[in-house]
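J.: upload35.pdb is reproduced in full below (PDB, C-alpha atoms).
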```pdb
ATOM      1  CA  MET A   1     -45.631 -31.305   4.312
ATOM      2  CA  ARG A   2     -44.271 -30.188   7.689
ATOM      3  CA  ILE A   3     -41.742 -33.026   7.729
ATOM      4  CA  THR A   4     -40.628 -32.184   4.190
ATOM      5  CA  ARG A   5     -40.082 -28.535   5.150
ATOM      6  CA  SER A   6     -38.163 -29.561   8.246
ATOM      7  CA  ILE A   7     -35.865 -31.841   6.243
ATOM      8  CA  ALA A   8     -35.369 -29.179   3.556
ATOM      9  CA  HIS A   9     -34.549 -26.581   6.225
ATOM     10  CA  ARG A  10     -31.913 -28.860   7.790
ATOM     11  CA  ILE A  11     -30.311 -29.634   4.422
ATOM     12  CA  LEU A  12     -30.170 -25.956   3.444
ATOM     13  CA  LYS A  13     -28.656 -25.086   6.815
ATOM     14  CA  LEU A  14     -25.751 -27.444   6.044
ATOM     15  CA  PHE A  15     -24.820 -25.371   2.989
ATOM     16  CA  GLN A  16     -25.338 -21.831   4.236
ATOM     17  CA  PRO A  17     -22.339 -19.651   5.068
ATOM     18  CA  SER A  18     -21.139 -19.947   8.625
ATOM     19  CA  MET A  19     -18.046 -19.058  10.625
ATOM     20  CA  TYR A  20     -15.682 -21.486  12.275
ATOM     21  CA  ARG A  21     -12.686 -21.093  14.543
ATOM     22  CA  LEU A  22      -9.305 -21.823  13.048
ATOM     23  CA  ASN A  23      -7.128 -23.343  15.770
ATOM     24  CA  LYS A  24      -3.813 -23.211  13.846
ATOM     25  CA  ASP A  25      -2.446 -21.365  10.834
ATOM     26  CA  GLY A  26      -0.602 -23.035   7.948
ATOM     27  CA  LYS A  27       2.678 -23.069   9.882
ATOM     28  CA  GLY A  28       1.094 -24.731  12.925
ATOM     29  CA  LYS A  29       0.976 -21.595  15.097
ATOM     30  CA  ARG A  30      -1.832 -21.829  17.650
ATOM     31  CA  LEU A  31      -4.701 -19.375  17.289
ATOM     32  CA  SER A  32      -7.385 -18.829  19.907
ATOM     33  CA  ASN A  33      -9.745 -16.286  18.331
ATOM     34  CA  THR A  34      -9.344 -16.477  14.560
ATOM     35  CA  ARG A  35     -12.529 -17.086  12.564
ATOM     36  CA  VAL A  36     -12.912 -18.050   8.902
ATOM     37  CA  SER A  37     -16.014 -18.609   6.794
ATOM     38  CA  ASN A  38     -16.771 -22.057   5.438
ATOM     39  CA  THR A  39     -17.214 -20.381   2.029
ATOM     40  CA  THR A  40     -13.678 -18.944   1.932
ATOM     41  CA  HIS A  41     -11.080 -20.858  -0.070
ATOM     42  CA  LEU A  42      -7.681 -21.024   1.661
ATOM     43  CA  GLY A  43      -5.367 -22.208  -1.131
ATOM     44  CA  SER A  44      -1.880 -23.490  -0.213
ATOM     45  CA  PHE A  45      -2.788 -23.316   3.469
ATOM     46  CA  GLU A  46       0.720 -24.403   4.500
ATOM     47  CA  SER A  47       2.046 -21.036   3.228
ATOM     48  CA  LEU A  48      -0.497 -18.948   5.156
ATOM     49  CA  ILE A  49       0.643 -17.163   8.310
ATOM     50  CA  LEU A  50      -2.161 -15.696  10.416
ATOM     51  CA  GLY A  51      -2.160 -13.561  13.508
ATOM     52  CA  ASP A  52      -4.718 -14.188  16.207
ATOM     53  CA  ASN A  53      -8.065 -12.371  16.312
ATOM     54  CA  VAL A  54      -8.289 -12.424  12.503
ATOM     55  CA  PHE A  55     -11.725 -12.478  10.849
ATOM     56  CA  ILE A  56     -12.057 -13.709   7.245
ATOM     57  CA  GLY A  57     -15.652 -13.447   6.032
ATOM     58  CA  HIS A  58     -17.697 -15.147   3.323
ATOM     59  CA  TYR A  59     -16.883 -15.952  -0.318
ATOM     60  CA  ASN A  60     -13.187 -15.037  -0.347
ATOM     61  CA  MET A  61     -10.279 -16.452  -2.358
ATOM     62  CA  ILE A  62      -7.024 -16.517  -0.378
ATOM     63  CA  ASP A  63      -4.243 -17.918  -2.623
ATOM     64  CA  ALA A  64      -1.180 -18.395  -0.420
ATOM     65  CA  SER A  65       0.884 -20.360  -2.968
ATOM     66  CA  ASN A  66       3.727 -17.824  -2.665
ATOM     67  CA  GLY A  67       3.110 -16.902   0.971
ATOM     68  CA  ILE A  68       0.636 -14.641   2.733
ATOM     69  CA  ASN A  69       1.075 -13.063   6.153
ATOM     70  CA  ILE A  70      -2.106 -11.604   7.657
ATOM     71  CA  GLY A  71      -1.388  -9.773  10.909
ATOM     72  CA  GLU A  72      -3.175  -9.910  14.231
ATOM     73  CA  GLY A  73      -6.639  -8.383  14.403
ATOM     74  CA  CYS A  74      -7.167  -8.039  10.638
ATOM     75  CA  GLN A  75     -10.667  -8.120   9.228
ATOM     76  CA  LEU A  76     -11.209  -9.307   5.660
ATOM     77  CA  THR A  77     -14.882  -8.849   4.841
ATOM     78  CA  ASN A  78     -16.605 -10.633   1.927
ATOM     79  CA  TYR A  79     -15.864 -11.284  -1.756
ATOM     80  CA  ILE A  80     -12.137 -10.505  -1.463
ATOM     81  CA  SER A  81      -9.282 -12.012  -3.472
ATOM     82  CA  VAL A  82      -5.769 -12.066  -2.010
ATOM     83  CA  LEU A  83      -3.479 -13.355  -4.749
ATOM     84  CA  THR A  84       0.175 -14.372  -4.794
ATOM     85  CA  HIS A  85       0.389 -15.093  -8.502
ATOM     86  CA  SER A  86      -1.082 -13.502 -11.590
ATOM     87  CA  SER A  87      -1.049 -15.109 -15.012
ATOM     88  CA  HIS A  88      -3.651 -13.125 -16.964
ATOM     89  CA  ILE A  89      -1.138 -11.001 -18.886
ATOM     90  CA  ALA A  90       1.082 -13.989 -19.703
ATOM     91  CA  ILE A  91      -1.886 -15.998 -20.957
ATOM     92  CA  ARG A  92      -2.927 -13.174 -23.286
ATOM     93  CA  LEU A  93       0.620 -12.729 -24.603
ATOM     94  CA  TYR A  94       1.327 -16.434 -25.192
ATOM     95  CA  GLY A  95      -2.135 -17.473 -26.326
ATOM     96  CA  GLU A  96      -2.421 -21.212 -26.884
ATOM     97  CA  GLU A  97       1.337 -21.607 -26.357
ATOM     98  CA  TYR A  98       0.992 -20.617 -22.670
ATOM     99  CA  THR A  99       0.919 -24.170 -21.335
ATOM    100  CA  GLN A 100       3.932 -25.193 -23.453
ATOM    101  CA  GLN A 101       6.325 -22.672 -21.877
ATOM    102  CA  LYS A 102       8.751 -23.546 -19.061
ATOM    103  CA  GLU A 103       9.703 -19.986 -18.096
ATOM    104  CA  LEU A 104       6.881 -17.515 -18.519
ATOM    105  CA  LYS A 105       7.406 -13.828 -19.090
ATOM    106  CA  ALA A 106       4.771 -11.388 -17.729
ATOM    107  CA  TYR A 107       3.785 -13.976 -15.097
ATOM    108  CA  PHE A 108       3.957 -12.396 -11.654
ATOM    109  CA  SER A 109       4.342 -14.131  -8.312
ATOM    110  CA  ASP A 110       5.225 -12.740  -4.899
ATOM    111  CA  SER A 111       4.116 -12.963  -1.290
ATOM    112  CA  VAL A 112       1.560 -10.618   0.307
ATOM    113  CA  GLU A 113       1.714  -8.929   3.711
ATOM    114  CA  ILE A 114      -1.262  -7.364   5.442
ATOM    115  CA  GLY A 115      -0.285  -5.477   8.605
ATOM    116  CA  LYS A 116      -2.025  -6.017  11.912
ATOM    117  CA  TYR A 117      -5.384  -4.381  12.615
ATOM    118  CA  THR A 118      -6.028  -3.690   8.928
ATOM    119  CA  PHE A 119      -9.568  -3.751   7.512
ATOM    120  CA  VAL A 120     -10.194  -4.934   3.932
ATOM    121  CA  GLY A 121     -13.526  -3.864   2.444
ATOM    122  CA  PRO A 122     -15.724  -6.077   0.249
ATOM    123  CA  HIS A 123     -14.974  -6.801  -3.403
ATOM    124  CA  SER A 124     -11.309  -5.813  -3.065
ATOM    125  CA  VAL A 125      -8.435  -7.500  -4.895
ATOM    126  CA  ILE A 126      -4.969  -7.608  -3.330
ATOM    127  CA  MET A 127      -2.331  -8.451  -5.929
ATOM    128  CA  PRO A 128       0.993 -10.311  -5.616
ATOM    129  CA  GLY A 129       3.705  -8.317  -3.879
ATOM    130  CA  ALA A 130       1.313  -6.028  -2.002
ATOM    131  CA  ARG A 131       2.633  -4.796   1.338
ATOM    132  CA  ILE A 132      -0.004  -3.106   3.474
ATOM    133  CA  GLY A 133       1.063  -1.427   6.700
ATOM    134  CA  LYS A 134      -0.570  -1.920  10.078
ATOM    135  CA  GLY A 135      -3.776  -0.120  11.003
ATOM    136  CA  SER A 136      -4.751   0.454   7.374
ATOM    137  CA  LEU A 137      -8.203   0.537   5.819
ATOM    138  CA  ILE A 138      -8.837  -0.711   2.282
ATOM    139  CA  SER A 139     -12.076   0.648   0.856
ATOM    140  CA  ALA A 140     -14.557  -1.563  -0.959
ATOM    141  CA  TYR A 141     -13.848  -2.345  -4.631
ATOM    142  CA  SER A 142     -10.147  -1.440  -4.379
ATOM    143  CA  TYR A 143      -7.484  -3.009  -6.624
ATOM    144  CA  VAL A 144      -4.354  -3.019  -4.460
ATOM    145  CA  LYS A 145      -0.813  -3.324  -5.847
ATOM    146  CA  GLY A 146       2.460  -2.138  -4.330
ATOM    147  CA  GLU A 147       3.417  -0.916  -0.883
ATOM    148  CA  PHE A 148       1.394   1.214   1.510
ATOM    149  CA  GLU A 149       2.609   2.743   4.753
ATOM    150  CA  ASP A 150       1.120   2.121   8.193
ATOM    151  CA  PHE A 151      -2.305   3.686   8.874
ATOM    152  CA  ALA A 152      -3.074   4.302   5.186
ATOM    153  CA  VAL A 153      -6.638   4.696   3.957
ATOM    154  CA  ILE A 154      -6.429   2.962   0.574
ATOM    155  CA  ALA A 155      -9.045   3.280  -2.172
ATOM    156  CA  GLY A 156      -9.568   3.018  -5.890
ATOM    157  CA  ASN A 157      -8.677   1.119  -9.028
ATOM    158  CA  PRO A 158      -5.728   1.313  -9.025
ATOM    159  CA  ALA A 159      -5.660   1.876  -5.266
ATOM    160  CA  LYS A 160      -3.939   4.935  -3.839
ATOM    161  CA  LYS A 161      -3.474   6.314  -0.359
ATOM    162  CA  VAL A 162      -6.328   8.760   0.226
ATOM    163  CA  GLY A 163      -6.056   9.354   3.959
ATOM    164  CA  ASP A 164      -4.715   8.289   7.337
ATOM    165  CA  THR A 165      -6.689   6.112   9.764
ATOM    166  CA  ARG A 166      -5.167   7.947  12.738
ATOM    167  CA  ASP A 167      -7.268  10.966  11.730
ATOM    168  CA  ILE A 168     -10.378   8.772  11.948
ATOM    169  CA  ASP A 169      -9.231   7.119  15.187
ATOM    170  CA  GLN A 170      -8.424  10.423  16.901
ATOM    171  CA  LYS A 171     -12.086  11.431  16.992
ATOM    172  CA  TYR A 172     -13.008   8.183  18.767
ATOM    173  CA  LEU A 173     -10.046   8.332  21.147
ATOM    174  CA  GLU A 174     -11.156  11.816  22.219
ATOM    175  CA  GLN A 175     -14.705  10.560  22.723
ATOM    176  CA  TYR A 176     -13.540   7.427  24.588
ATOM    177  CA  PRO A 177     -10.235   8.345  26.303
ATOM    178  CA  GLU A 178     -10.267   5.076  28.260
ATOM    179  CA  LEU A 179      -9.392   3.319  24.964
ATOM    180  CA  LYS A 180      -6.093   5.203  24.477
ATOM    181  CA  PRO A 181      -3.909   2.677  26.357
ATOM    182  CA  PHE A 182      -5.278  -0.208  24.266
ATOM    183  CA  TYR A 183      -4.740   1.681  21.017
ATOM    184  CA  GLN A 184      -1.261   2.878  21.953
ATOM    185  CA  ALA A 185      -0.221  -0.680  22.909
ATOM    186  CA  TRP A 186      -0.277  -1.828  19.267
ATOM    187  CA  ALA A 187      -0.146   1.462  17.320
ATOM    188  CA  GLN A 188       3.242   2.675  18.642
TER     189      GLN A 188
END
```
Now, as a test, write the supplied structure out as structure tokens.
T.:
Amino acid sequence: MRITRSIAHRILKLFQPSMYRLNKDGKGKRLSNTRVSNTTHLGSFESLILGDNVFIGHYNMIDASNGINIGEGCQLTNYISVLTHSSHIAIRLYGEEYTQQKELKAYFSDSVEIGKYTFVGPHSVIMPGARIGKGSLISAYSYVKGEFEDFAVIAGNPAKKVGDTRDIDQKYLEQYPELKPFYQAWAQ
């Protein structure tokens, strides 16, 4: 019984979520501190540009078929979709004729940019063409389309700017003034 449990434990451990270091992005750029979960799907990896110190957690779908640029220091938590194409409207409109069409109407494709030091909360969806400025925070369960300025707090379905992360950061910078030079180095 003990041997059976030991074998079962080892087999289960092979399939549990874990993090691994990604040494290069899709363009071959060297990365020293980027980590990605083994349960995250990185589709069209060759079109994925990553900054260093990026963290991409468990059970995410990153579709880079039309290009994704994720800036330095970004954190993408769990259960996130970052999409560069969207066919759901076209499929509904065309019905069974969808696969027979050469040029689809209501089919959207565009690249996605996520600015450096941005945090993406769990269960968020980032749609094709989204441009998210640096230092932003996307709240959990947000449906993000369009462009958002630097330091935006983004929330909702559809997502809207609801605040500014510099207001949040200011409290911590006052409490820990020794961090100001680090913050100012990237935030300026």
J.: In terms of the shortest atom-to-atom distance over all atoms listed in the file, which of A:Ser124, A:Trp186, A:Phe45, A:Arg2 is closest to Gly71 in chain A?
T.: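 Looking only at the distances to Gly71 in chain A, the closest residue turns out to be A:Trp186.
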J.: Leaving out Tyr79 in chain A and any residue of its chain fewer than 6 positions from it, which residues lie within 10 Å of it when counting all atoms listed in the file, given as a list in words?
T.: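 What passes the distance filter is Thr39, Thr40, Gly57, His58, Tyr59, Asn60, Met61, Gly121, Pro122, His123, Ser124, Val125, Ala140 and Tyr141 of chain A.
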J.: What's the 12 Å shell around range 167-181 of chain A, counting only C-alpha atoms, without same-chain residues fewer than 2 positions away, as a VMD selection string?
T.: chain A and resid 135 to 137 151 to 153 162 to 165 183 to 188
J.: Taking all atoms of range 127-139 of chain A that appear in the file, build a box with edges along x, y and z, extend it by 4 Å on every side, and state its centre and edge lengths in Å to one decimal, as AutoDock Vina command-line options.
T.:
```
--center_x -4.2 --center_y -4.8 --center_z 2.5 --size_x 23.8 --size_y 19.0 --size_z 24.9
```
J.: I'd like the interatomic distance between CA of Val112 in chain A and CA of Glu97 in chain A, to a tenth of an Å.
T.: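 Separation of CA of Val112 in chain A and CA of Glu97 in chain A: 28.8 Å.
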J.: Might you pull out every residue within 9 Å of Phe119 in chain A, with all atoms listed in the file counted and same-chain residues fewer than 6 positions away left off, and present them as a list in words?
T.: Gly73, Cys74, Gln75, Leu76, Thr77, Gly135, Ser136, Leu137, Ile138 and Ser139 of chain A
J.: Selected residues, C-alpha atoms, written as a CSV table (one decimal), in the frame of the given file, please.
T.:
```
chain,number,residue,atom,x,y,z
A,73,GLY,CA,-6.6,-8.4,14.4
A,74,CYS,CA,-7.2,-8.0,10.6
A,75,GLN,CA,-10.7,-8.1,9.2
A,76,LEU,CA,-11.2,-9.3,5.7
A,77,THR,CA,-14.9,-8.8,4.8
A,135,GLY,CA,-3.8,-0.1,11.0
A,136,SER,CA,-4.8,0.5,7.4
A,137,LEU,CA,-8.2,0.5,5.8
A,138,ILE,CA,-8.8,-0.7,2.3
A,139,SER,CA,-12.1,0.6,0.9
```
J.: I'd like the interatomic distance between CA of Ser142 in chain A and CA of Leu42 in chain A, to a tenth of an Å.
T.: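 CA of Leu42 in chain A lies at a distance of 20.6 Å from CA of Ser142 in chain A.
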J.: Would you work out the distance separating CA of Asn69 in chain A from CA of Met19 in chain A, expressed in Å to one decimal?
T.: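 That distance, rounded to one decimal, is 20.5 Å.
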J.: What do you get, as an MDAnalysis selection string, if you spell out every residue that the PyMOL selection byres ((chain A and resi 145) around 10) selects here?
T.: chainID A and resid 112 125:132 142:144 146:148 157:160
J.: Identify all residues satisfying the PyMOL selection byres ((chain A and resi 20) around 9) in the given file; provide them as a list in words.
T.: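 Listing what the PyMOL selection byres ((chain A and resi 20) around 9) selects in the shown file: Ser18, Met19, Arg21, Leu22, Thr34, Arg35, Val36, Ser37 and Asn38 of chain A.
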J.: Which residues match the PyMOL selection byres ((chain A and resi 65) around 8) in the file above, as a PyMOL selection string?
T.: chain A and resi 43-45+47+63-64+66-67+84-85
J.: When you look at Gly28 in chain A with a cut-off of 10 Å (counting all atoms listed in the file), what residues show up, excluding the ones that are within fewer than 6 positions of it in the same chain? I need them as a ChimeraX atom specification.
T.: /A:46,48-50
J.: Between A:Asn33, A:Thr118, A:Ser111, A:Ser6, which is the closest to Gly133 in chain A once you count all atoms listed in the file?
T.: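 Going through A:Asn33, A:Thr118, A:Ser111, A:Ser6 one by one, the smallest distance to Gly133 in chain A is for A:Thr118.
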J.: Every residue with an atom at most 12 Å from (7.6, -15.7, -16.5) (file coordinates; all atoms listed in the file) is what I'm after, so could you write them as a list of chain:residue names?
T.: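 Here the neighbourhood of the point contains A:His85, A:Ser86, A:Ser87, A:His88, A:Ile89, A:Ala90, A:Ile91, A:Leu93, A:Tyr94, A:Tyr98, A:Thr99, A:Gln101, A:Lys102, A:Glu103, A:Leu104, A:Lys105, A:Ala106, A:Tyr107, A:Phe108, A:Ser109.
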